[in-house]
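Shown below: upload16.txt, with compact mmCIF, C-alpha atoms.
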# COMPACT_ATOMS: atom_id res chain seq x y z
CA MET A 242 -73.54 26.37 -33.56
CA ALA A 243 -74.73 26.69 -29.99
CA THR A 244 -75.65 23.60 -28.03
CA ARG A 245 -78.90 23.64 -26.07
CA ARG A 246 -80.73 21.02 -24.09
CA CYS A 247 -84.38 21.02 -23.11
CA VAL A 248 -86.73 18.92 -21.06
CA LEU A 249 -90.17 18.59 -22.57
CA LYS A 250 -93.53 17.13 -21.71
CA CYS A 251 -96.23 16.22 -24.22
CA GLY A 252 -97.63 19.35 -25.74
CA SER A 253 -95.79 21.61 -23.31
CA LYS A 254 -93.62 24.66 -23.81
CA ALA A 255 -89.89 23.99 -23.91
CA ASN A 256 -87.70 26.20 -21.78
CA PHE A 257 -83.95 26.07 -22.28
CA PHE A 258 -81.16 25.70 -19.81
CA HIS A 259 -77.36 25.65 -20.24
CA LEU A 260 -77.73 28.55 -22.68
CA PRO A 261 -74.79 30.87 -23.18
CA LYS A 262 -75.25 33.99 -21.06
CA GLU A 263 -76.02 36.21 -24.05
CA GLU A 264 -78.80 33.85 -25.16
CA HIS A 265 -80.82 34.69 -22.06
CA LEU A 266 -81.31 38.16 -23.50
CA LYS A 267 -83.27 36.78 -26.43
CA THR A 268 -87.02 36.49 -26.10
CA LYS A 269 -87.49 33.25 -27.96
CA TRP A 270 -88.74 29.87 -26.96
CA LEU A 271 -89.94 26.74 -28.70
CA GLN A 272 -93.05 24.69 -28.40
CA PHE A 273 -93.08 21.05 -29.42
CA THR A 274 -96.10 18.84 -29.84
CA ILE A 275 -94.92 15.33 -29.01
CA PRO A 276 -96.68 12.33 -30.56
CA GLN A 277 -98.45 10.45 -27.76
CA LYS A 278 -96.79 7.14 -28.70
CA TYR A 279 -93.76 8.37 -26.79
CA SER A 280 -93.46 8.32 -23.03
CA PRO A 281 -95.38 11.11 -21.21
CA SER A 282 -92.08 12.57 -20.05
CA LEU A 283 -89.18 12.94 -22.43
CA VAL A 284 -85.69 14.33 -22.21
CA LEU A 285 -84.81 15.60 -25.66
CA CYS A 286 -81.52 17.08 -26.72
CA SER A 287 -81.57 19.79 -29.36
CA ARG A 288 -77.95 19.41 -30.39
CA HIS A 289 -78.06 21.23 -33.69
CA PHE A 290 -80.10 24.36 -33.09
CA GLU A 291 -78.84 27.34 -35.01
CA ASP A 292 -78.65 30.68 -33.26
CA ASP A 293 -81.03 32.46 -35.61
CA CYS A 294 -84.09 30.27 -35.96
CA PHE A 295 -83.59 26.82 -34.36
CA LEU A 296 -84.96 25.15 -37.51
CA ASN A 297 -82.62 22.18 -37.27
CA ALA A 298 -84.65 20.97 -34.30
CA ILE A 299 -87.00 19.36 -36.78
CA LYS A 300 -84.21 16.95 -37.68
CA LEU A 301 -84.53 15.33 -34.27
CA GLY A 302 -87.65 13.59 -35.53
CA PHE A 303 -89.59 13.97 -32.26
CA ALA A 304 -91.69 17.03 -33.02
CA SER A 305 -94.72 16.99 -35.26
CA ARG A 306 -95.05 20.75 -34.82
CA LEU A 307 -92.43 23.43 -34.23
CA ILE A 308 -93.45 26.92 -33.19
CA LEU A 309 -91.11 29.85 -32.63
CA LYS A 310 -92.61 32.56 -30.41
CA GLU A 311 -91.57 35.91 -29.07
CA GLY A 312 -92.17 37.49 -25.69
CA SER A 313 -90.81 34.98 -23.19
CA VAL A 314 -87.30 34.84 -21.78
CA PRO A 315 -85.85 31.30 -21.58
CA SER A 316 -85.61 30.01 -18.02
CA VAL A 317 -84.22 27.00 -16.25
CA PHE A 318 -86.65 24.11 -16.41
CA ALA A 319 -85.85 20.52 -15.58
CA SER A 320 -87.81 17.40 -14.83
CA ALA A 321 -86.79 13.89 -13.97
CA SER A 322 -89.08 10.92 -13.68
CA SER A 323 -88.63 7.19 -13.35
CA SER A 324 -90.66 6.89 -16.53
CA VAL A 325 -88.29 9.05 -18.56
CA SER A 326 -87.35 7.45 -21.84
CA GLN A 327 -85.21 8.67 -24.66
CA PRO A 328 -86.39 7.29 -28.00
CA MET A 329 -84.05 7.90 -30.89
CA ASP A 330 -84.93 8.41 -34.50
CA GLY A 331 -82.50 6.66 -36.83
CA PRO A 332 -79.40 4.51 -36.35
CA MET A 333 -76.89 4.96 -33.56
CA ARG A 334 -73.60 6.81 -33.91
CA VAL A 335 -71.48 5.23 -31.18
CA LEU A 336 -68.31 6.88 -29.89
CA VAL A 337 -66.01 4.45 -28.04
CA THR A 338 -63.41 6.21 -25.89
CA GLY A 339 -60.33 4.13 -25.19
CA GLY A 340 -61.07 2.45 -28.49
CA SER A 341 -57.51 1.23 -29.10
CA GLY A 342 -57.20 -0.56 -25.75
CA LEU A 343 -58.01 -4.05 -24.55
CA VAL A 344 -61.81 -3.73 -24.39
CA GLY A 345 -62.10 -1.20 -27.20
CA ARG A 346 -60.37 -3.48 -29.68
CA ALA A 347 -62.54 -6.39 -28.53
CA ILE A 348 -65.69 -4.31 -29.12
CA GLU A 349 -64.38 -3.38 -32.56
CA ARG A 350 -63.90 -7.08 -33.26
CA VAL A 351 -67.40 -8.16 -32.23
CA VAL A 352 -68.96 -5.24 -34.12
CA LYS A 353 -67.13 -6.32 -37.28
CA GLU A 354 -68.08 -9.96 -36.69
CA GLY A 355 -71.81 -9.30 -36.68
CA GLU A 356 -72.95 -6.99 -33.86
CA ARG A 357 -73.18 -3.93 -36.10
CA ARG A 358 -76.73 -3.13 -37.26
CA GLU A 359 -77.65 -1.54 -40.55
CA GLY A 360 -76.86 2.16 -40.71
CA GLU A 361 -74.92 2.28 -37.46
CA GLU A 362 -71.66 4.17 -37.23
CA TRP A 363 -68.99 3.12 -34.72
CA ILE A 364 -66.13 5.50 -33.96
CA PHE A 365 -63.18 4.10 -31.99
CA LEU A 366 -61.27 6.91 -30.34
CA SER A 367 -57.66 6.57 -29.15
CA SER A 368 -55.45 8.82 -27.06
CA LYS A 369 -53.89 10.02 -30.33
CA ASP A 370 -57.24 11.55 -31.30
CA ALA A 371 -57.70 13.53 -28.10
CA ASN A 372 -56.38 13.94 -24.57
CA LEU A 373 -59.59 13.48 -22.61
CA VAL A 374 -58.01 14.98 -19.49
CA SER A 375 -58.46 18.26 -21.36
CA ALA A 376 -61.99 19.66 -21.41
CA GLU A 377 -61.24 21.59 -24.61
CA GLU A 378 -60.00 18.52 -26.49
CA THR A 379 -62.95 16.48 -25.24
CA ARG A 380 -65.38 19.13 -26.45
CA SER A 381 -63.68 19.21 -29.87
CA VAL A 382 -64.10 15.45 -30.25
CA PHE A 383 -67.80 15.63 -29.42
CA GLN A 384 -68.27 18.56 -31.79
CA LYS A 385 -66.54 16.59 -34.56
CA HIS A 386 -68.39 13.28 -34.17
CA ARG A 387 -71.76 14.28 -32.63
CA PRO A 388 -72.37 10.82 -31.12
CA THR A 389 -75.81 9.59 -30.12
CA HIS A 390 -74.30 6.94 -27.81
CA VAL A 391 -71.00 6.61 -25.95
CA ILE A 392 -69.12 3.63 -24.57
CA HIS A 393 -66.63 5.18 -22.17
CA LEU A 394 -63.54 3.02 -21.66
CA ALA A 395 -60.77 5.63 -21.59
CA ALA A 396 -58.85 5.77 -18.32
CA MET A 397 -55.44 6.04 -16.79
CA VAL A 398 -54.89 2.40 -15.87
CA GLY A 399 -52.15 0.24 -14.40
CA GLY A 400 -51.42 -2.77 -12.31
CA LEU A 401 -51.10 -3.14 -8.55
CA TYR A 402 -47.59 -1.76 -8.14
CA ARG A 403 -48.08 1.29 -10.36
CA ASN A 404 -51.28 2.13 -8.48
CA MET A 405 -49.43 1.89 -5.17
CA ARG A 406 -46.84 4.37 -6.44
CA GLN A 407 -49.18 6.87 -8.11
CA ASN A 408 -52.52 7.02 -6.31
CA LEU A 409 -52.78 10.80 -6.71
CA ASP A 410 -52.15 10.64 -10.45
CA PHE A 411 -54.76 7.92 -10.88
CA TRP A 412 -57.29 9.97 -8.92
CA ARG A 413 -56.75 13.29 -10.71
CA ASP A 414 -56.45 12.08 -14.30
CA ASN A 415 -59.42 9.74 -14.08
CA VAL A 416 -61.67 12.29 -12.37
CA HIS A 417 -60.91 14.76 -15.17
CA ILE A 418 -61.42 12.19 -17.95
CA ASN A 419 -64.70 10.93 -16.54
CA ASP A 420 -66.15 14.33 -15.82
CA ASN A 421 -65.22 15.64 -19.26
CA VAL A 422 -66.74 12.68 -21.12
CA LEU A 423 -69.93 12.56 -19.06
CA TYR A 424 -70.49 16.32 -19.08
CA MET A 425 -69.90 16.61 -22.83
CA SER A 426 -72.25 13.68 -23.37
CA GLN A 427 -74.92 15.56 -21.45
CA GLU A 428 -74.23 18.83 -23.25
CA PHE A 429 -74.21 17.28 -26.73
CA GLY A 430 -77.37 15.29 -26.23
CA VAL A 431 -75.97 11.77 -26.03
CA VAL A 432 -78.88 9.41 -25.44
CA LYS A 433 -76.92 6.81 -23.48
CA VAL A 434 -73.46 6.42 -21.98
CA VAL A 435 -72.09 3.09 -20.78
CA SER A 436 -68.92 3.55 -18.71
CA CYS A 437 -66.44 0.93 -17.57
CA LEU A 438 -65.78 0.56 -13.84
CA SER A 439 -63.82 -2.13 -11.99
CA THR A 440 -64.39 -4.40 -9.00
CA CYS A 441 -61.74 -2.35 -7.18
CA VAL A 442 -64.54 0.18 -6.54
CA PHE A 443 -65.99 -2.12 -3.89
CA PRO A 444 -65.06 -1.86 -0.19
CA ASP A 445 -61.99 -3.70 1.02
CA LYS A 446 -63.76 -4.87 4.17
CA THR A 447 -67.05 -6.35 3.06
CA THR A 448 -69.11 -9.50 2.89
CA TYR A 449 -68.98 -11.79 -0.12
CA PRO A 450 -70.10 -12.12 -2.79
CA ILE A 451 -70.10 -8.45 -3.73
CA ASP A 452 -73.11 -7.13 -5.64
CA GLU A 453 -74.03 -3.87 -7.36
CA THR A 454 -75.67 -2.35 -4.26
CA MET A 455 -72.47 -2.45 -2.15
CA MET A 456 -70.18 -0.04 -4.02
CA HIS A 457 -70.35 2.82 -1.52
CA ASN A 458 -70.49 0.80 1.71
CA GLY A 459 -66.91 1.44 2.79
CA ALA A 460 -63.40 2.44 1.73
CA PRO A 461 -61.73 0.58 -1.15
CA HIS A 462 -58.42 -1.26 -0.74
CA GLU A 463 -55.58 1.09 0.14
CA SER A 464 -53.38 -0.13 -2.72
CA ASN A 465 -55.43 1.60 -5.44
CA TYR A 466 -57.82 3.94 -3.64
CA GLY A 467 -57.13 6.82 -6.05
CA TYR A 468 -58.30 4.86 -9.09
CA ALA A 469 -61.14 3.22 -7.16
CA TYR A 470 -62.63 6.47 -5.85
CA ALA A 471 -62.36 8.09 -9.30
CA LYS A 472 -64.29 5.18 -10.80
CA ARG A 473 -66.89 5.34 -8.02
CA MET A 474 -67.56 8.94 -8.96
CA ILE A 475 -68.86 7.79 -12.35
CA ASP A 476 -71.72 6.09 -10.50
CA VAL A 477 -72.34 9.27 -8.49
CA HIS A 478 -72.35 11.32 -11.69
CA ASN A 479 -74.75 8.91 -13.42
CA ARG A 480 -77.22 8.93 -10.53
CA ALA A 481 -77.12 12.73 -10.34
CA CYS A 482 -77.66 13.03 -14.10
CA PHE A 483 -80.75 10.87 -13.83
CA GLN A 484 -82.08 12.70 -10.78
CA GLN A 485 -81.57 16.17 -12.27
CA TYR A 486 -82.06 15.62 -16.00
CA GLY A 487 -83.58 12.16 -16.41
CA LEU A 488 -80.58 10.84 -18.35
CA ARG A 489 -80.10 7.09 -18.27
CA TYR A 490 -76.31 6.87 -18.14
CA THR A 491 -74.99 3.65 -16.60
CA ALA A 492 -71.86 1.55 -16.08
CA VAL A 493 -70.51 -1.97 -16.37
CA ILE A 494 -68.35 -3.43 -13.58
CA PRO A 495 -66.13 -6.16 -15.05
CA THR A 496 -63.91 -8.45 -13.04
CA ASN A 497 -60.31 -9.08 -14.16
CA ILE A 498 -60.18 -8.61 -17.92
CA PHE A 499 -57.61 -10.21 -20.22
CA GLY A 500 -57.14 -10.85 -23.92
CA PRO A 501 -55.41 -9.56 -27.08
CA HIS A 502 -54.33 -5.90 -27.34
CA ASP A 503 -53.71 -5.56 -23.59
CA ASN A 504 -50.92 -3.52 -22.00
CA TYR A 505 -48.11 -6.02 -21.46
CA ASN A 506 -45.65 -3.74 -19.69
CA ILE A 507 -44.48 -6.00 -16.87
CA GLU A 508 -43.87 -3.17 -14.41
CA ASP A 509 -47.24 -1.46 -14.90
CA CYS A 510 -49.77 -3.97 -16.23
CA HIS A 511 -52.48 -6.08 -14.61
CA VAL A 512 -51.95 -9.61 -13.37
CA MET A 513 -52.91 -11.65 -16.44
CA PRO A 514 -51.01 -9.69 -19.12
CA GLY A 515 -48.03 -9.64 -16.76
CA LEU A 516 -48.13 -13.43 -16.42
CA VAL A 517 -48.52 -13.88 -20.18
CA HIS A 518 -45.58 -11.62 -21.00
CA LYS A 519 -43.33 -13.06 -18.30
CA THR A 520 -44.04 -16.62 -19.39
CA TYR A 521 -43.35 -15.78 -23.03
CA LEU A 522 -39.97 -14.30 -22.09
CA ALA A 523 -39.10 -17.15 -19.71
CA LYS A 524 -39.72 -19.71 -22.44
CA LYS A 525 -37.87 -17.70 -25.08
CA GLU A 526 -34.84 -17.08 -22.84
CA GLY A 527 -34.82 -20.48 -21.13
CA LYS A 528 -35.15 -18.94 -17.66
CA PRO A 529 -37.39 -19.67 -14.63
CA LEU A 530 -40.78 -17.94 -14.49
CA GLU A 531 -40.91 -15.55 -11.54
CA VAL A 532 -44.40 -14.75 -10.23
CA TRP A 533 -44.90 -11.83 -7.86
CA GLY A 534 -46.82 -12.77 -4.71
CA SER A 535 -47.81 -16.08 -3.18
CA GLY A 536 -50.34 -17.13 -5.83
CA ARG A 537 -53.08 -17.44 -3.17
CA ALA A 538 -55.13 -14.40 -4.18
CA LEU A 539 -58.49 -15.20 -5.76
CA ARG A 540 -59.81 -13.60 -8.95
CA GLN A 541 -62.63 -13.97 -11.47
CA PHE A 542 -61.31 -13.55 -14.99
CA ILE A 543 -63.35 -12.43 -18.00
CA TYR A 544 -62.15 -12.68 -21.59
CA SER A 545 -62.19 -9.31 -23.37
CA VAL A 546 -64.26 -10.65 -26.29
CA ASP A 547 -66.97 -11.87 -23.88
CA LEU A 548 -66.96 -8.51 -22.14
CA ALA A 549 -67.26 -6.75 -25.49
CA ARG A 550 -70.42 -8.70 -26.31
CA LEU A 551 -71.84 -7.71 -22.92
CA PHE A 552 -71.03 -4.03 -23.47
CA VAL A 553 -72.93 -4.04 -26.75
CA TRP A 554 -75.88 -5.73 -25.02
CA VAL A 555 -75.87 -3.13 -22.22
CA LEU A 556 -75.78 -0.32 -24.77
CA ARG A 557 -78.78 -1.72 -26.64
CA GLU A 558 -80.91 -3.39 -23.98
CA TYR A 559 -80.00 -2.57 -20.36
CA ASP A 560 -82.19 0.29 -19.11
CA GLU A 561 -81.08 0.77 -15.49
CA VAL A 562 -78.93 3.59 -14.15
CA GLU A 563 -77.56 1.27 -11.47
CA PRO A 564 -74.43 -0.46 -12.80
CA ILE A 565 -74.25 -4.14 -13.65
CA ILE A 566 -71.44 -6.57 -12.83
CA ALA A 567 -70.04 -8.41 -15.88
CA SER A 568 -68.36 -11.55 -14.64
CA VAL A 569 -68.20 -15.29 -14.68
CA GLY A 570 -69.88 -16.94 -11.71
CA GLU A 571 -68.50 -17.36 -8.23
CA GLU A 572 -67.92 -21.03 -9.00
CA ASP A 573 -65.37 -19.99 -11.66
CA GLU A 574 -63.19 -17.98 -9.29
CA LEU A 575 -59.52 -19.01 -9.55
CA THR A 576 -56.33 -18.51 -7.57
CA ILE A 577 -53.48 -16.66 -9.22
CA LYS A 578 -51.67 -20.00 -9.19
CA ASP A 579 -54.51 -21.46 -11.30
CA ALA A 580 -54.01 -18.61 -13.76
CA VAL A 581 -50.24 -19.22 -13.81
CA ASP A 582 -50.83 -22.90 -14.57
CA ALA A 583 -53.16 -22.02 -17.46
CA VAL A 584 -50.64 -19.60 -18.98
CA VAL A 585 -47.81 -22.12 -18.56
CA GLU A 586 -49.97 -24.67 -20.37
CA GLY A 587 -50.92 -22.14 -23.06
CA PHE A 588 -47.27 -21.54 -23.94
CA GLY A 589 -46.11 -25.11 -23.31
CA PHE A 590 -43.56 -23.75 -20.82
CA LYS A 591 -41.51 -26.52 -19.15
CA GLY A 592 -39.24 -24.46 -16.90
CA GLU A 593 -39.29 -23.74 -13.17
CA VAL A 594 -41.97 -21.49 -11.64
CA ILE A 595 -40.86 -19.39 -8.64
CA TYR A 596 -43.26 -17.40 -6.41
CA ASP A 597 -41.68 -14.27 -4.90
CA THR A 598 -43.59 -13.97 -1.62
CA SER A 599 -41.81 -10.72 -0.76
CA LYS A 600 -44.13 -9.02 -3.27
CA SER A 601 -47.67 -7.99 -2.31
CA ASP A 602 -50.69 -10.12 -3.23
CA GLY A 603 -52.90 -7.04 -3.24
CA GLN A 604 -56.50 -7.64 -2.23
CA ILE A 605 -56.73 -11.37 -1.44
CA LYS A 606 -60.36 -11.77 -2.42
CA LYS A 607 -63.06 -9.70 -4.17
CA THR A 608 -65.61 -12.30 -5.22
CA ALA A 609 -68.42 -10.72 -7.26
CA SER A 610 -71.93 -12.00 -7.87
CA ASN A 611 -73.19 -12.14 -11.45
CA ALA A 612 -76.77 -12.90 -10.33
CA LYS A 613 -78.10 -9.68 -11.85
CA LEU A 614 -76.43 -10.42 -15.19
CA ARG A 615 -77.82 -13.96 -15.15
CA LYS A 616 -81.29 -12.60 -14.44
CA TYR A 617 -81.10 -10.71 -17.72
CA LEU A 618 -78.97 -13.20 -19.71
CA PRO A 619 -79.40 -16.67 -18.23
CA ASP A 620 -78.00 -18.38 -21.33
CA PHE A 621 -74.94 -16.21 -21.97
CA LYS A 622 -71.95 -18.45 -22.63
CA PHE A 623 -68.49 -17.35 -21.50
CA THR A 624 -65.42 -18.56 -23.37
CA PRO A 625 -63.78 -21.38 -21.35
CA PHE A 626 -60.88 -19.94 -19.38
CA LYS A 627 -58.13 -22.15 -20.76
CA ALA A 628 -59.30 -21.62 -24.35
CA ALA A 629 -59.29 -17.84 -23.84
CA VAL A 630 -55.82 -17.98 -22.25
CA LYS A 631 -54.49 -20.06 -25.16
CA GLU A 632 -55.89 -17.58 -27.70
CA THR A 633 -54.26 -14.73 -25.77
CA CYS A 634 -50.90 -16.51 -25.63
CA ASP A 635 -51.05 -17.25 -29.36
CA TRP A 636 -51.96 -13.63 -30.14
CA LEU A 637 -49.03 -12.28 -28.11
CA THR A 638 -46.62 -14.69 -29.80
CA ALA A 639 -47.81 -13.64 -33.26
CA ASN A 640 -47.81 -9.93 -32.46
CA TYR A 641 -44.93 -9.56 -30.01
CA ASP A 642 -43.12 -6.86 -32.02
CA ILE A 643 -46.14 -4.52 -31.89
CA ILE A 644 -47.60 -5.13 -28.42
CA ARG A 645 -47.64 -2.43 -25.75
CA LYS A 646 -44.66 -3.36 -23.61

Take the structure from the file and write it as structure tokens.
Amino acid sequence: MATRRCVLKCGSKANFFHLPKEEHLKTKWLQFTIPQKYSPSLVLCSRHFEDDCFLNAIKLGFASRLILKEGSVPSVFASASSSVSQPMDGPMRVLVTGGSGLVGRAIERVVKEGERREGEEWIFLSSKDANLVSAEETRSVFQKHRPTHVIHLAAMVGGLYRNMRQNLDFWRDNVHINDNVLYMSQEFGVVKVVSCLSTCVFPDKTTYPIDETMMHNGAPHESNYGYAYAKRMIDVHNRACFQQYGLRYTAVIPTNIFGPHDNYNIEDCHVMPGLVHKTYLAKKEGKPLEVWGSGRALRQFIYSVDLARLFVWVLREYDEVEPIIASVGEEDELTIKDAVDAVVEGFGFKGEVIYDTSKSDGQIKKTASNAKLRKYLPDFKFTPFKAAVKETCDWLTANYDIIRK
């Protein structure tokens, strides 16, 4: 089956773009009559048109009339408007890339615990299902699952020291992954994509607190610029998709995430899973806990289960292309030493804690504002930090033999 996309206006002729070259030789085009209850300008995706007669277009549920005519060669036609909306007929089919990771598993948990709506299908994709660096494998996954919505979490990720060693790898792999997922989403008619960014996308030299408007105001920190620039390009891609095709693809910018199912490889992981794993081993082996850096760096931590609830909300309710920061408030910012103390308490560790100041602290501060989030969700309750840390410590203890380490 060929994939075609079209931009339509009420009662107007539909011209096709992104057609295979040979399709331009055919003298066929479609006319839809759109019920007026929909927005005056619609971007519709005819994902299932068959080469011979396009009859499957009726299944989209938007057209009250479908006319096939002869005598006009399809041509490029696109329209974007701030009033573009993309109503969907029927339940969502949500594809979650990176579905076996920290945030993916948390989303799976909250969906099972009550966020799933009747008729919805949630597909959690892991790296075993497809290598999203490959355009061919990405296309095959989209052809197989035909999602209506995508939560894009898949990425090459790592902690401070791995980023410092492999900036080129982080840049190249993530640019390929992101472009493949977003382009296939566009081509296969995905109504909405919510991608995951990181506060590392923000400039190193900036004023605080950081907000969503400041992403492109300067260079990111030199320690992880490859990853940061690759993530920034998601925002560029989203804005261009809206400008050119009216697609409302967006992104969430979480602060430091932690929780069950994280990557606990001490050499390559982020700060919180590294602290959790190190403390577990120090207690088990009766050794001092060695912390890399001075402990002075400041971070806002968000529990993966809280972030998962916010991702589902963004998918259902948030209608902006501009990304949104998902974070606790500025008043809840902690030093790394505060985080160490919470992990030590979570495990009941009684040994010595040593700070190795010969190791880098990374970016000392990247305080983010959650004012925009609070405007939308003033009553959202985050899990208390120490309670979330304790649950994470207990999960690692119970699952140590199977964790990523």

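Atom CA of A:His390 sits 6.6 Å away from atom CA of A:Met333.
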
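Rounded to one decimal, atom CA of A:Asp547 and atom CA of A:Val391 lie 19.0 Å from each other.
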
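Each of A:Ser341, A:Gln427, A:Ser367, A:Thr633 was checked against A:Gly500 using all atoms listed in the file; the smallest atom-to-atom distance is that of A:Thr633.
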
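For the choices A:Ala376, A:Val630, A:Cys482, A:Leu366, the atom-to-atom distance to A:Val546 is smallest for A:Val630 when using all atoms listed in the file.
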
Judged by only C-alpha atoms, the minimum distance to A:Ile498 among A:Val477, A:Val422, A:Ala628, A:Val569 is found for A:Val569

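For the choices A:Gly592, A:Asn640, A:Thr440, A:Leu556, the atom-to-atom distance to A:Gln541 is smallest for A:Thr440 when using only C-alpha atoms.
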
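The smallest atom-to-atom distance between A:Val398 and any of A:His386, A:Arg357, A:Lys472, A:Arg480, using only C-alpha atoms, is found for A:Lys472.
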
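From atom CA of A:Met455 back to atom CA of A:Arg473, the distance works out to 11.2 Å.
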
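Checking A:Tyr449, A:Pro444, A:Ala538, A:Pro564 one by one against A:Pro461, counting all atoms listed in the file, you find the shortest gap at A:Pro444.
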
With the cut-off set at 12 Å and counting all atoms listed in the file, tabulate each residue of stretch 409-512 of chain A with an atom at most that distance from an atom of stretch 380-383 of chain A, showing the nearest atom pair and its distance in Å to one decimal, ordered by chain and increasing number, as JSON lines.
{"residue": "A:Ile418", "atom": "CA", "partner": "A:Arg380", "partner_atom": "CA", "distance": 11.7}
{"residue": "A:Asp420", "atom": "CA", "partner": "A:Arg380", "partner_atom": "CA", "distance": 11.7}
{"residue": "A:Asn421", "atom": "CA", "partner": "A:Arg380", "partner_atom": "CA", "distance": 8.0}
{"residue": "A:Val422", "atom": "CA", "partner": "A:Arg380", "partner_atom": "CA", "distance": 8.5}
{"residue": "A:Leu423", "atom": "CA", "partner": "A:Arg380", "partner_atom": "CA", "distance": 10.9}
{"residue": "A:Tyr424", "atom": "CA", "partner": "A:Arg380", "partner_atom": "CA", "distance": 9.4}
{"residue": "A:Met425", "atom": "CA", "partner": "A:Arg380", "partner_atom": "CA", "distance": 6.3}
{"residue": "A:Ser426", "atom": "CA", "partner": "A:Phe383", "partner_atom": "CA", "distance": 7.8}
{"residue": "A:Gln427", "atom": "CA", "partner": "A:Phe383", "partner_atom": "CA", "distance": 10.7}
{"residue": "A:Glu428", "atom": "CA", "partner": "A:Arg380", "partner_atom": "CA", "distance": 9.4}
{"residue": "A:Phe429", "atom": "CA", "partner": "A:Phe383", "partner_atom": "CA", "distance": 7.1}
{"residue": "A:Gly430", "atom": "CA", "partner": "A:Phe383", "partner_atom": "CA", "distance": 10.1}
{"residue": "A:Val431", "atom": "CA", "partner": "A:Phe383", "partner_atom": "CA", "distance": 9.7}
